[in-house]
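What follows is one structure encoded as structure tokens, with my remarks underneath.
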Number of protein chains: 2
Amino acid sequence: MEPIAGGPAQLVLTASIARRYYVDGRSKVEIADEFRLSRFKVARLLDQARSSGLVRIEISHPGNVDLDLSARLQETFGLRRAIVVDTPEVDPAALRLQLGKAAAELLTEIVTTDDVLGLAWARAVTAMTDQLTSLARVPVVQLTGALSRPDVEANSVELVRHTARLSGGPAYLFYAPLVVPEATTARALRQQPEVAEAIGHFDSVTKAVVGLGSWAPGQSTLYDAMDENACEQLQRRGVVADISGVFVDAKGVPVQSKVTDRVIAINAEQMNAIDEVIAIPYGLGKVEAVRAAVRSGLVNGIVTHSPLARALLDEVT
Amino acid sequence: MEPIAGGPAQLVLTASIARRYYVDGRSKVEIADEFRLSRFKVARLLDQARSSGLVRIEISHPGNVDLDLSARLQETFGLRRAIVVDTPEVDPAALRLQLGKAAAELLTEIVTTDDVLGLAWARAVTAMTDQLTSLARVPVVQLTGALSRPDVEANSVELVRHTARLSGGPAYLFYAPLVVPEATTARALRQQPEVAEAIGHFDSVTKAVVGLGSWAPGQSTLYDAMDENACEQLQRRGVVADISGVFVDAKGVPVQSKVTDRVIAINAEQMNAIDEVIAIPYGLGKVEAVRAAVRSGLVNGIVTHSPLARALLDEVT
DNA sequence: CGCAGCTCCGCTCATATGAGCAGACGGTTT
DNA sequence: AAACCGTCTGCTCATATGAGCGGAGCTGCG
């Protein structure tokens, strides 16, 4: 594997040939003519140069995306997209900013005029849309109601409106909370014209960005906004993750419950029909939630940071 | 030239493809199948990966040979061999040791049983033979008489004998000084059986290692050993280098003179007939001598250190 | 010696690859 | 709307390349 060349002259020759081939881009035939060797000899010297480590090939780039982790995450979990931002940042707000930036670039890249974009309410999604600089002209559909929190200025409606304006496409949005105390209220809200219209567009959504929470205190804005009873009930049902209002257990199976009816959001079946669903998880507390979300097949794109990506890959080993 | 990829997803894709291609050694066709792309797309992404700097290819090795300088020296001066040892060493003795080691490895590598090896007397050549560990079975021919100096233990004879013993081939050696005060003495010496026999083998020598001095005090053991008159006379004739007793001017033209007749050594014509003649120059004072020696075509192999190599290349620019 | 085992070489032939072309698309200008 | 331009795509076909073969030369062993 690593027995370097046979002598200094051959070493120099091999290096010269390697430079001609790899750096100057000449063909082996040309090189063979130049050095008065057979093309086979050239090929063998080049093989040797590679296997001896004389020629080293590195893949890296100046930005902060960890290409290797991204690719491994993508392959390991069978994802359509995986972007791992290489950062040691731990502050959630700063992390959201960085991941939001990466997600924004991703969205700009992958959304074409044929798409219909769905956006769920989540702080990470807001961080993304805030940093969106351009987007193909597409309809933008609001996928969930909003939660009002003191630490968040933008709501689900603003998020959608802003994105649609940037895109130049129509916005399908509505004013409603993500979760209400009674199922009947939720049903009534779904009847409202704007809500019904948005829901009517769920089927045509081709790409969506959703929130992803771990079903535990402080790991999901939905958990924190819900009454204790509901939280516990879902936990008893094995829920480990909420994907913008869709609850899934550790095996990735969506969980139906009375609580589900109280949520104004896209449901599991509709989400499953969407071609690409991207989540932006961060924080090591979300390892299991991500795993469940990916297993469910509902989420097939991930934008995250390197510590979480590593944790996800480590546990697989 | 350096505009990196278009978006993060493409970046990750390109990196994955680059890894498959360059690291895993898969063909573009295989990669195309794997990623559901056309082979053209794969080729284009790979081109982009190269030109954007995503894929970097380095040629280097753990040893102390500067491959790039070696190759450039070889190409620039049209040399058959060039080995540049990368070392900051300035002490002549230590430098001789390092260059001798490299030259020994070179000799081991390039000498085959079909060769006839010629060795001139020089401290650098001694440093080489001292570090020879193996050599194909070849006749070894002494090319010059010896100079006895207080700081040198081995003489030309020992040098040849030692090498022949290592090789297992016959030695053609003789006891005579490199230079004598009178041309008649030199002629007489050349008539001696051993000397004549060695000289008789000059024509069959195929590879030789010679000394190379700059024609100035302290830059050539021959200069230092000669009478002042002779030195000056040669200098007036434009001599800038002595190649184991062969004097050449700045243009590389061998200089004949009365002094030449006093030297017991291979002559310019005979040296010119040798396929490979390797010198081991060191010290920045020898820049012009090396240039002259190479220009003459008499020397077509160089083993040297990086500062001298750089000086040689710099002056060309 | 003479022969097995080795490395190294250049060959054939199937496959991979590159150069350059033409169609498709999106965006812009008349 | 029509014409245009730049970009991106996949194609054809000539060329480059890889896999694997058999021969030459060297080495060590019986």
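How things are named: the first chain in the structure tokens is A, the next is B, and so on; residues count from 1 in each chain; ligands count from 1 in the order shown.
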Q) Which residues come within 10 Å of region 7-9 of chain D, counting only C-alpha atoms (C1' of nucleotides), excluding same-chain residues fewer than 5 positions away, as an NGL selection string? A) (:B and (38 or 40-41)) or (:C and (23-26))
Go ahead and save the picked residues with C-alpha atoms (C1' of nucleotides), as a tab-separated table (two decimals), in the first residue's frame.
```
chain	number	residue	atom	x	y	z
B	38	SER	CA	-25.58	10.97	-17.51
B	40	PHE	CA	-21.49	13.66	-19.31
B	41	LYS	CA	-22.99	15.35	-16.32
C	23	DG	C1'	-31.43	20.66	-29.56
C	24	DA	C1'	-34.01	22.52	-25.44
C	25	DC	C1'	-34.84	25.85	-22.20
C	26	DG	C1'	-35.16	30.37	-19.77
```
Q: Select all residues from chain A having any atom no more than 12 Å from an atom of chain C (counting only C-alpha atoms (C1' of nucleotides), ignoring ligands), output as a list in words.
A: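 Interface list for chain A against chain C: Gly25, Arg26, Ser27, Leu37, Ser38, Arg39, Phe40, Lys41, Val42, Arg44, Thr112, Thr113 and Ala136 of chain A.
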Quick one: which chain D residues come within 12 Å of chain A, and what is the nearest atom pair for each with the distance in Å to one decimal, counting only C-alpha atoms (C1' of nucleotides), rows ordered by chain and ascending number, as CSV?
```
residue,atom,partner,partner_atom,distance
D:DT15,C1',A:Val29,CA,10.0
D:DA16,C1',A:Ser27,CA,7.4
D:DT17,C1',A:Lys28,CA,8.5
D:DG18,C1',A:Ala43,CA,9.3
D:DA19,C1',A:Phe40,CA,11.9
```
Residues just named, written with N, CA and C atoms (P, O5', C5', C4', C3', O3' and C1' of nucleotides) as a tab-separated table (two decimals), in the first residue's frame:
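Wrote it out as again37.tsv, contents follow:
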```tsv
chain	number	residue	atom	x	y	z
D	15	DT	P	-8.80	9.55	-34.11
D	15	DT	O5'	-8.56	9.46	-32.55
D	15	DT	C5'	-8.88	10.59	-31.72
D	15	DT	C4'	-8.78	10.18	-30.27
D	15	DT	C3'	-7.52	9.39	-29.92
D	15	DT	O3'	-6.83	10.15	-28.94
D	15	DT	C1'	-9.45	8.38	-28.99
D	16	DA	P	-5.51	9.59	-28.24
D	16	DA	O5'	-6.04	9.12	-26.81
D	16	DA	C5'	-6.95	9.96	-26.10
D	16	DA	C4'	-7.29	9.36	-24.76
D	16	DA	C3'	-6.12	8.76	-23.97
D	16	DA	O3'	-6.35	9.05	-22.61
D	16	DA	C1'	-7.71	7.05	-24.45
D	17	DT	P	-5.35	8.57	-21.48
D	17	DT	O5'	-5.97	7.19	-21.02
D	17	DT	C5'	-7.31	7.19	-20.56
D	17	DT	C4'	-7.73	5.79	-20.17
D	17	DT	C3'	-6.69	5.00	-19.36
D	17	DT	O3'	-7.25	4.74	-18.09
D	17	DT	C1'	-7.69	3.67	-21.06
D	18	DG	P	-6.52	3.89	-16.99
D	18	DG	O5'	-7.21	2.46	-17.11
D	18	DG	C5'	-8.62	2.35	-17.00
D	18	DG	C4'	-9.03	0.89	-16.94
D	18	DG	C3'	-8.21	0.00	-16.01
D	18	DG	O3'	-9.11	-0.92	-15.39
D	18	DG	C1'	-8.00	-0.78	-18.25
D	19	DA	P	-8.61	-1.94	-14.30
D	19	DA	O5'	-8.74	-3.33	-15.09
D	19	DA	C5'	-9.93	-3.62	-15.83
D	19	DA	C4'	-9.87	-5.04	-16.37
D	19	DA	C3'	-9.10	-6.04	-15.51
D	19	DA	O3'	-9.78	-7.30	-15.56
D	19	DA	C1'	-8.05	-5.85	-17.62
```
Could you list, as a CSV table (one decimal) with all heavy atoms, in the first residue's frame, every residue of chain A that has an atom within 8 Å of an atom of chain B, counting only C-alpha atoms?
```csv
chain,number,residue,atom,x,y,z
A,6,GLY,N,11.1,2.9,-6.3
A,6,GLY,CA,12.3,2.0,-6.2
A,6,GLY,C,13.6,2.8,-6.0
A,6,GLY,O,14.5,2.3,-5.4
A,7,GLY,N,13.7,3.9,-6.6
A,7,GLY,CA,14.9,4.7,-6.5
A,7,GLY,C,14.7,6.2,-6.8
A,7,GLY,O,13.6,6.5,-7.2
A,8,PRO,N,15.6,7.0,-6.5
A,8,PRO,CA,15.4,8.4,-6.7
A,8,PRO,C,15.1,8.8,-8.1
A,8,PRO,O,14.3,9.7,-8.3
A,8,PRO,CB,16.7,9.1,-6.2
A,8,PRO,CG,17.7,8.0,-6.1
A,8,PRO,CD,17.0,6.7,-6.0
A,9,ALA,N,15.7,8.2,-9.1
A,9,ALA,CA,15.5,8.6,-10.5
A,9,ALA,C,14.0,8.2,-10.8
A,9,ALA,O,13.3,9.0,-11.4
A,9,ALA,CB,16.4,7.9,-11.4
A,11,LEU,N,11.6,8.0,-8.8
A,11,LEU,CA,10.8,8.9,-8.0
A,11,LEU,C,10.6,10.2,-8.7
A,11,LEU,O,9.5,10.7,-8.9
A,11,LEU,CB,11.5,9.1,-6.7
A,11,LEU,CG,10.7,9.7,-5.5
A,11,LEU,CD1,9.6,8.7,-5.2
A,11,LEU,CD2,11.6,9.9,-4.3
A,12,VAL,N,11.7,10.7,-9.2
A,12,VAL,CA,11.6,12.0,-10.0
A,12,VAL,C,10.8,11.8,-11.2
A,12,VAL,O,9.9,12.6,-11.6
A,12,VAL,CB,13.0,12.6,-10.3
A,12,VAL,CG1,12.9,13.7,-11.2
A,12,VAL,CG2,13.7,12.9,-9.0
A,13,LEU,N,11.0,10.7,-11.9
A,13,LEU,CA,10.3,10.4,-13.1
A,13,LEU,C,8.8,10.3,-12.9
A,13,LEU,O,8.0,10.9,-13.5
A,13,LEU,CB,10.8,9.1,-13.8
A,13,LEU,CG,10.0,8.6,-15.0
A,13,LEU,CD1,10.2,9.6,-16.2
A,13,LEU,CD2,10.5,7.2,-15.4
A,15,ALA,N,7.2,11.5,-10.4
A,15,ALA,CA,6.6,12.8,-10.0
A,15,ALA,C,6.4,13.6,-11.2
A,15,ALA,O,5.3,14.3,-11.3
A,15,ALA,CB,7.5,13.5,-9.0
A,16,SER,N,7.3,13.6,-12.1
A,16,SER,CA,7.1,14.4,-13.3
A,16,SER,C,5.9,14.0,-14.1
A,16,SER,O,5.1,14.8,-14.6
A,16,SER,CB,8.4,14.3,-14.2
A,16,SER,OG,9.5,14.8,-13.6
A,18,ALA,N,3.4,12.3,-12.9
A,18,ALA,CA,2.2,12.6,-12.2
A,18,ALA,C,1.8,14.1,-12.4
A,18,ALA,O,0.6,14.4,-12.5
A,18,ALA,CB,2.4,12.3,-10.7
A,19,ARG,N,2.8,14.9,-12.4
A,19,ARG,CA,2.4,16.4,-12.6
A,19,ARG,C,1.8,16.6,-14.0
A,19,ARG,O,0.8,17.2,-14.1
A,19,ARG,CB,3.7,17.2,-12.4
A,19,ARG,CG,3.3,18.7,-12.2
A,19,ARG,CD,4.5,19.5,-11.7
A,19,ARG,NE,5.7,19.3,-12.5
A,19,ARG,CZ,5.9,19.9,-13.6
A,19,ARG,NH1,5.0,20.7,-14.1
A,19,ARG,NH2,7.0,19.7,-14.3
A,22,TYR,N,-1.8,14.8,-13.7
A,22,TYR,CA,-2.8,15.3,-12.8
A,22,TYR,C,-2.9,16.8,-12.8
A,22,TYR,O,-4.0,17.4,-12.7
A,22,TYR,CB,-2.6,14.8,-11.4
A,22,TYR,CG,-2.9,13.4,-11.2
A,22,TYR,CD1,-1.9,12.4,-11.0
A,22,TYR,CD2,-4.2,12.9,-11.2
A,22,TYR,CE1,-2.2,11.1,-10.8
A,22,TYR,CE2,-4.5,11.6,-11.1
A,22,TYR,CZ,-3.5,10.7,-10.9
A,22,TYR,OH,-3.8,9.4,-10.7
A,23,VAL,N,-1.8,17.5,-13.0
A,23,VAL,CA,-1.8,18.9,-12.9
A,23,VAL,C,-2.0,19.5,-14.3
A,23,VAL,O,-2.9,20.3,-14.5
A,23,VAL,CB,-0.5,19.5,-12.3
A,23,VAL,CG1,-0.6,21.0,-12.2
A,23,VAL,CG2,-0.3,18.9,-10.9
A,53,GLY,N,1.2,6.9,-2.3
A,53,GLY,CA,0.9,8.2,-1.6
A,53,GLY,C,1.7,9.4,-2.2
A,53,GLY,O,1.7,10.5,-1.6
A,54,LEU,N,2.4,9.1,-3.3
A,54,LEU,CA,3.2,10.2,-3.9
A,54,LEU,C,2.2,11.3,-4.4
A,54,LEU,O,2.4,12.5,-4.2
A,54,LEU,CB,4.0,9.7,-5.0
A,54,LEU,CG,4.9,10.7,-5.7
A,54,LEU,CD1,6.1,11.0,-4.8
A,54,LEU,CD2,5.5,10.1,-7.0
A,55,VAL,N,1.1,10.8,-4.9
A,55,VAL,CA,0.0,11.7,-5.3
A,55,VAL,C,-1.1,11.7,-4.3
A,55,VAL,O,-1.6,10.6,-4.0
A,55,VAL,CB,-0.5,11.3,-6.7
A,55,VAL,CG1,-1.8,12.1,-7.0
A,55,VAL,CG2,0.5,11.6,-7.8
A,56,ARG,N,-1.4,12.8,-3.7
A,56,ARG,CA,-2.5,12.8,-2.7
A,56,ARG,C,-3.6,13.7,-3.2
A,56,ARG,O,-3.4,14.8,-3.7
A,56,ARG,CB,-2.0,13.3,-1.4
A,56,ARG,CG,-1.3,12.2,-0.5
A,56,ARG,CD,-0.8,12.8,0.8
A,56,ARG,NE,0.2,13.9,0.4
A,56,ARG,CZ,0.0,15.1,0.8
A,56,ARG,NH1,-1.0,15.4,1.6
A,56,ARG,NH2,0.9,16.0,0.5
A,57,ILE,N,-4.8,13.2,-3.1
A,57,ILE,CA,-5.9,13.9,-3.6
A,57,ILE,C,-6.8,14.2,-2.4
A,57,ILE,O,-7.3,13.4,-1.7
A,57,ILE,CB,-6.7,13.1,-4.7
A,57,ILE,CG1,-5.8,12.8,-5.8
A,57,ILE,CG2,-8.0,13.8,-5.1
A,57,ILE,CD1,-6.4,12.0,-6.9
A,58,GLU,N,-7.1,15.5,-2.3
A,58,GLU,CA,-7.9,16.0,-1.2
A,58,GLU,C,-9.2,16.6,-1.7
A,58,GLU,O,-9.1,17.3,-2.7
A,58,GLU,CB,-7.2,17.0,-0.3
A,58,GLU,CG,-6.1,16.3,0.6
A,58,GLU,CD,-5.4,17.4,1.4
A,58,GLU,OE1,-5.9,18.6,1.4
A,58,GLU,OE2,-4.3,17.1,1.9
A,59,ILE,N,-10.2,16.4,-1.0
A,59,ILE,CA,-11.5,17.1,-1.4
A,59,ILE,C,-11.9,18.0,-0.2
A,59,ILE,O,-12.2,17.5,0.9
A,59,ILE,CB,-12.6,16.1,-1.7
A,59,ILE,CG1,-12.2,15.2,-2.8
A,59,ILE,CG2,-13.9,16.8,-2.0
A,59,ILE,CD1,-13.1,14.0,-3.0
A,60,SER,N,-11.8,19.3,-0.5
A,60,SER,CA,-12.2,20.2,0.6
A,60,SER,C,-12.6,21.5,-0.1
A,60,SER,O,-12.3,21.7,-1.3
A,60,SER,CB,-11.1,20.4,1.5
A,60,SER,OG,-10.0,21.0,0.9
A,61,HIS,N,-13.1,22.4,0.7
A,61,HIS,CA,-13.5,23.7,0.1
A,61,HIS,C,-13.5,24.8,1.1
A,61,HIS,O,-13.5,24.5,2.3
A,61,HIS,CB,-14.8,23.6,-0.6
A,61,HIS,CG,-16.0,23.7,0.3
A,61,HIS,ND1,-17.0,24.6,0.1
A,61,HIS,CD2,-16.2,23.1,1.5
A,61,HIS,CE1,-17.9,24.5,1.1
A,61,HIS,NE2,-17.4,23.6,2.0
A,65,VAL,N,-19.3,24.2,4.9
A,65,VAL,CA,-20.1,23.0,4.8
A,65,VAL,C,-19.1,21.8,4.9
A,65,VAL,O,-18.1,21.7,4.2
A,65,VAL,CB,-20.9,22.9,3.5
A,65,VAL,CG1,-21.5,21.6,3.3
A,65,VAL,CG2,-21.9,24.1,3.4
A,67,LEU,N,-18.3,18.6,3.7
A,67,LEU,CA,-18.8,17.8,2.6
A,67,LEU,C,-18.8,16.3,2.9
A,67,LEU,O,-19.7,15.6,2.5
A,67,LEU,CB,-17.9,18.1,1.4
A,67,LEU,CG,-17.9,19.5,0.9
A,67,LEU,CD1,-16.8,19.7,-0.1
A,67,LEU,CD2,-19.2,19.9,0.4
A,68,ASP,N,-17.8,15.9,3.6
A,68,ASP,CA,-17.8,14.5,3.9
A,68,ASP,C,-18.9,14.0,4.8
A,68,ASP,O,-19.6,13.1,4.5
A,68,ASP,CB,-16.4,14.2,4.6
A,68,ASP,CG,-16.2,12.7,4.9
A,68,ASP,OD1,-16.4,11.9,3.9
A,68,ASP,OD2,-16.0,12.3,6.0
A,70,SER,N,-21.7,15.6,5.2
A,70,SER,CA,-22.9,15.7,4.5
A,70,SER,C,-23.2,14.5,3.6
A,70,SER,O,-24.3,13.9,3.6
A,70,SER,CB,-22.8,17.0,3.5
A,70,SER,OG,-22.6,18.1,4.3
A,71,ALA,N,-22.2,14.1,2.9
A,71,ALA,CA,-22.4,12.9,2.0
A,71,ALA,C,-22.7,11.7,2.8
A,71,ALA,O,-23.5,10.9,2.4
A,71,ALA,CB,-21.1,12.7,1.2
A,81,ARG,N,-31.4,15.1,0.4
A,81,ARG,CA,-30.5,16.2,0.6
A,81,ARG,C,-29.9,16.2,2.0
A,81,ARG,O,-30.6,15.8,3.0
A,81,ARG,CB,-31.2,17.6,0.5
A,81,ARG,CG,-32.2,17.7,-0.6
A,81,ARG,CD,-31.4,18.0,-1.9
A,81,ARG,NE,-32.4,18.1,-3.0
A,81,ARG,CZ,-32.0,18.3,-4.2
A,81,ARG,NH1,-30.8,18.4,-4.5
A,81,ARG,NH2,-32.9,18.4,-5.2
A,82,ALA,N,-28.7,16.5,2.2
A,82,ALA,CA,-28.1,16.6,3.5
A,82,ALA,C,-27.0,17.7,3.4
A,82,ALA,O,-26.1,17.6,2.6
A,82,ALA,CB,-27.5,15.3,4.0
A,83,ILE,N,-27.2,18.7,4.3
A,83,ILE,CA,-26.1,19.8,4.3
A,83,ILE,C,-25.7,19.8,5.8
A,83,ILE,O,-26.5,20.1,6.7
A,83,ILE,CB,-26.7,21.1,3.9
A,83,ILE,CG1,-27.4,21.1,2.6
A,83,ILE,CG2,-25.6,22.2,3.9
A,83,ILE,CD1,-26.6,20.8,1.4
A,102,ALA,N,-27.6,28.4,5.4
A,102,ALA,CA,-27.3,27.2,4.5
A,102,ALA,C,-28.6,26.7,3.9
A,102,ALA,O,-28.7,26.4,2.7
A,102,ALA,CB,-26.7,26.1,5.3
A,105,GLU,N,-29.8,28.9,1.1
A,105,GLU,CA,-29.0,28.7,-0.1
A,105,GLU,C,-29.5,27.4,-0.8
A,105,GLU,O,-29.7,27.3,-2.0
A,105,GLU,CB,-27.5,28.6,0.1
A,105,GLU,CG,-26.9,29.9,0.5
A,105,GLU,CD,-25.5,29.8,1.0
A,105,GLU,OE1,-25.0,28.6,1.0
A,105,GLU,OE2,-24.9,30.8,1.5
A,106,LEU,N,-29.8,26.4,0.0
A,106,LEU,CA,-30.3,25.2,-0.5
A,106,LEU,C,-31.6,25.4,-1.2
A,106,LEU,O,-31.8,24.9,-2.3
A,106,LEU,CB,-30.4,24.1,0.6
A,106,LEU,CG,-31.0,22.8,0.2
A,106,LEU,CD1,-30.2,22.1,-0.8
A,106,LEU,CD2,-31.3,21.9,1.5
A,109,GLU,N,-31.4,27.0,-4.4
A,109,GLU,CA,-30.8,26.1,-5.4
A,109,GLU,C,-31.9,25.1,-6.0
A,109,GLU,O,-31.9,24.9,-7.2
A,109,GLU,CB,-29.7,25.4,-4.8
A,109,GLU,CG,-29.0,24.4,-5.8
A,109,GLU,CD,-27.9,23.6,-5.2
A,109,GLU,OE1,-27.7,23.7,-3.9
A,109,GLU,OE2,-27.2,22.8,-5.9
A,110,ILE,N,-32.6,24.5,-5.1
A,110,ILE,CA,-33.4,23.4,-5.5
A,110,ILE,C,-34.9,23.7,-5.9
A,110,ILE,O,-35.5,22.9,-6.5
A,110,ILE,CB,-33.5,22.3,-4.4
A,110,ILE,CG1,-34.3,22.8,-3.2
A,110,ILE,CG2,-32.1,21.8,-4.0
A,110,ILE,CD1,-34.5,21.7,-2.2
```
Q) CA of Leu143 (chain A) and CA of Gln256 (chain A), how far apart in Å? A) 18.1 Å
Q: Have a look at CA of Glu315 (chain B) and CA of Gln233 (chain B) and let me know their distance in Å, one decimal.
A: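 Distance between the two atoms: 27.7 Å.
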For the alpha helix (DSSP H) assignment from backbone DSSP, which residues of region 26-168 of chain B qualify? Please present them as a JSON list (two decimals) with C-alpha atoms, in the first residue's frame.
```json
[["chain", "number", "residue", "atom", "x", "y", "z"],
["B", 28, "LYS", "CA", -17.51, 7.87, -14.52],
["B", 29, "VAL", "CA", -19.98, 5.46, -16.04],
["B", 30, "GLU", "CA", -20.41, 3.60, -12.76],
["B", 31, "ILE", "CA", -20.83, 6.86, -10.91],
["B", 32, "ALA", "CA", -23.36, 8.05, -13.44],
["B", 33, "ASP", "CA", -25.42, 4.91, -12.87],
["B", 34, "GLU", "CA", -25.14, 5.24, -9.12],
["B", 35, "PHE", "CA", -26.28, 8.85, -9.03],
["B", 39, "ARG", "CA", -21.87, 10.25, -17.72],
["B", 40, "PHE", "CA", -21.49, 13.66, -19.31],
["B", 41, "LYS", "CA", -22.99, 15.35, -16.32],
["B", 42, "VAL", "CA", -20.60, 13.42, -14.09],
["B", 43, "ALA", "CA", -17.66, 14.43, -16.25],
["B", 44, "ARG", "CA", -18.73, 18.06, -16.16],
["B", 45, "LEU", "CA", -19.17, 18.08, -12.42],
["B", 46, "LEU", "CA", -15.73, 16.53, -12.06],
["B", 47, "ASP", "CA", -14.24, 19.14, -14.35],
["B", 48, "GLN", "CA", -15.85, 21.79, -12.24],
["B", 49, "ALA", "CA", -14.57, 20.15, -9.07],
["B", 50, "ARG", "CA", -11.06, 20.34, -10.44],
["B", 51, "SER", "CA", -11.19, 23.86, -11.76],
["B", 67, "LEU", "CA", 10.72, 16.35, -6.67],
["B", 68, "ASP", "CA", 9.58, 19.58, -8.20],
["B", 69, "LEU", "CA", 13.01, 21.15, -8.24],
["B", 70, "SER", "CA", 14.49, 17.91, -9.54],
["B", 71, "ALA", "CA", 12.07, 17.79, -12.42],
["B", 72, "ARG", "CA", 12.50, 21.44, -13.26],
["B", 73, "LEU", "CA", 16.27, 21.15, -13.20],
["B", 74, "GLN", "CA", 16.06, 18.12, -15.42],
["B", 75, "GLU", "CA", 13.76, 19.77, -17.92],
["B", 76, "THR", "CA", 15.36, 23.18, -17.92],
["B", 77, "PHE", "CA", 18.84, 21.88, -18.62],
["B", 92, "PRO", "CA", 30.38, 21.02, 3.00],
["B", 93, "ALA", "CA", 31.18, 17.73, 4.72],
["B", 94, "ALA", "CA", 27.64, 17.21, 5.94],
["B", 95, "LEU", "CA", 26.33, 18.20, 2.54],
["B", 96, "ARG", "CA", 28.63, 15.72, 0.80],
["B", 97, "LEU", "CA", 27.23, 13.03, 3.07],
["B", 98, "GLN", "CA", 23.66, 13.79, 2.16],
["B", 99, "LEU", "CA", 24.31, 14.17, -1.54],
["B", 100, "GLY", "CA", 26.53, 11.10, -1.49],
["B", 101, "LYS", "CA", 23.68, 9.09, -0.06],
["B", 102, "ALA", "CA", 21.30, 10.27, -2.76],
["B", 103, "ALA", "CA", 23.89, 9.67, -5.47],
["B", 104, "ALA", "CA", 24.55, 6.19, -4.11],
["B", 105, "GLU", "CA", 20.88, 5.34, -4.35],
["B", 106, "LEU", "CA", 20.78, 6.75, -7.84],
["B", 107, "LEU", "CA", 23.75, 4.70, -8.90],
["B", 108, "THR", "CA", 22.28, 1.55, -7.42],
["B", 109, "GLU", "CA", 19.15, 2.23, -9.35],
["B", 110, "ILE", "CA", 20.52, 3.08, -12.76],
["B", 123, "ARG", "CA", 35.42, 13.95, -2.35],
["B", 124, "ALA", "CA", 31.77, 13.89, -3.31],
["B", 125, "VAL", "CA", 32.32, 10.70, -5.27],
["B", 126, "THR", "CA", 33.99, 9.17, -2.25],
["B", 127, "ALA", "CA", 31.04, 10.22, -0.13],
["B", 128, "MET", "CA", 28.88, 8.38, -2.61],
["B", 129, "THR", "CA", 30.83, 5.15, -2.80],
["B", 130, "ASP", "CA", 31.13, 5.06, 0.98],
["B", 156, "SER", "CA", 40.98, 7.29, -6.13],
["B", 157, "VAL", "CA", 42.25, 3.74, -6.00],
["B", 158, "GLU", "CA", 40.40, 2.83, -2.84],
["B", 159, "LEU", "CA", 37.30, 4.35, -4.20],
["B", 160, "VAL", "CA", 37.37, 2.16, -7.28],
["B", 161, "ARG", "CA", 38.48, -0.95, -5.46],
["B", 162, "HIS", "CA", 35.78, -0.62, -2.86],
["B", 163, "THR", "CA", 33.09, -0.12, -5.45],
["B", 164, "ALA", "CA", 34.25, -3.03, -7.57],
["B", 165, "ARG", "CA", 34.29, -5.29, -4.54],
["B", 166, "LEU", "CA", 30.75, -4.30, -3.67],
["B", 167, "SER", "CA", 29.68, -4.85, -7.24]]
```
(Q) For a test of reading the model, state the distance in Å between CA of Arg137 (chain B) and CA of Thr206 (chain B), rounded to one decimal. (A)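 These atoms are spaced 13.7 Å apart.
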Q.
Just list as a ChimeraX atom specification whatever in region 4-212 of chain A DSSP marks as strand (DSSP E or B).
A. /A:55-59,65,81-85,117-119,140-142,144,146,171-172,177,179,207-210
Q: Do a neighbour search on Thr221 (chain A) at 12 Å with only C-alpha atoms (C1' of nucleotides), toss out local chain neighbours closer than 4 positions, and write the hits as a ChimeraX atom specification.
A: /A:121-124,146-152,178-179,211-217,225-226,231,241-245
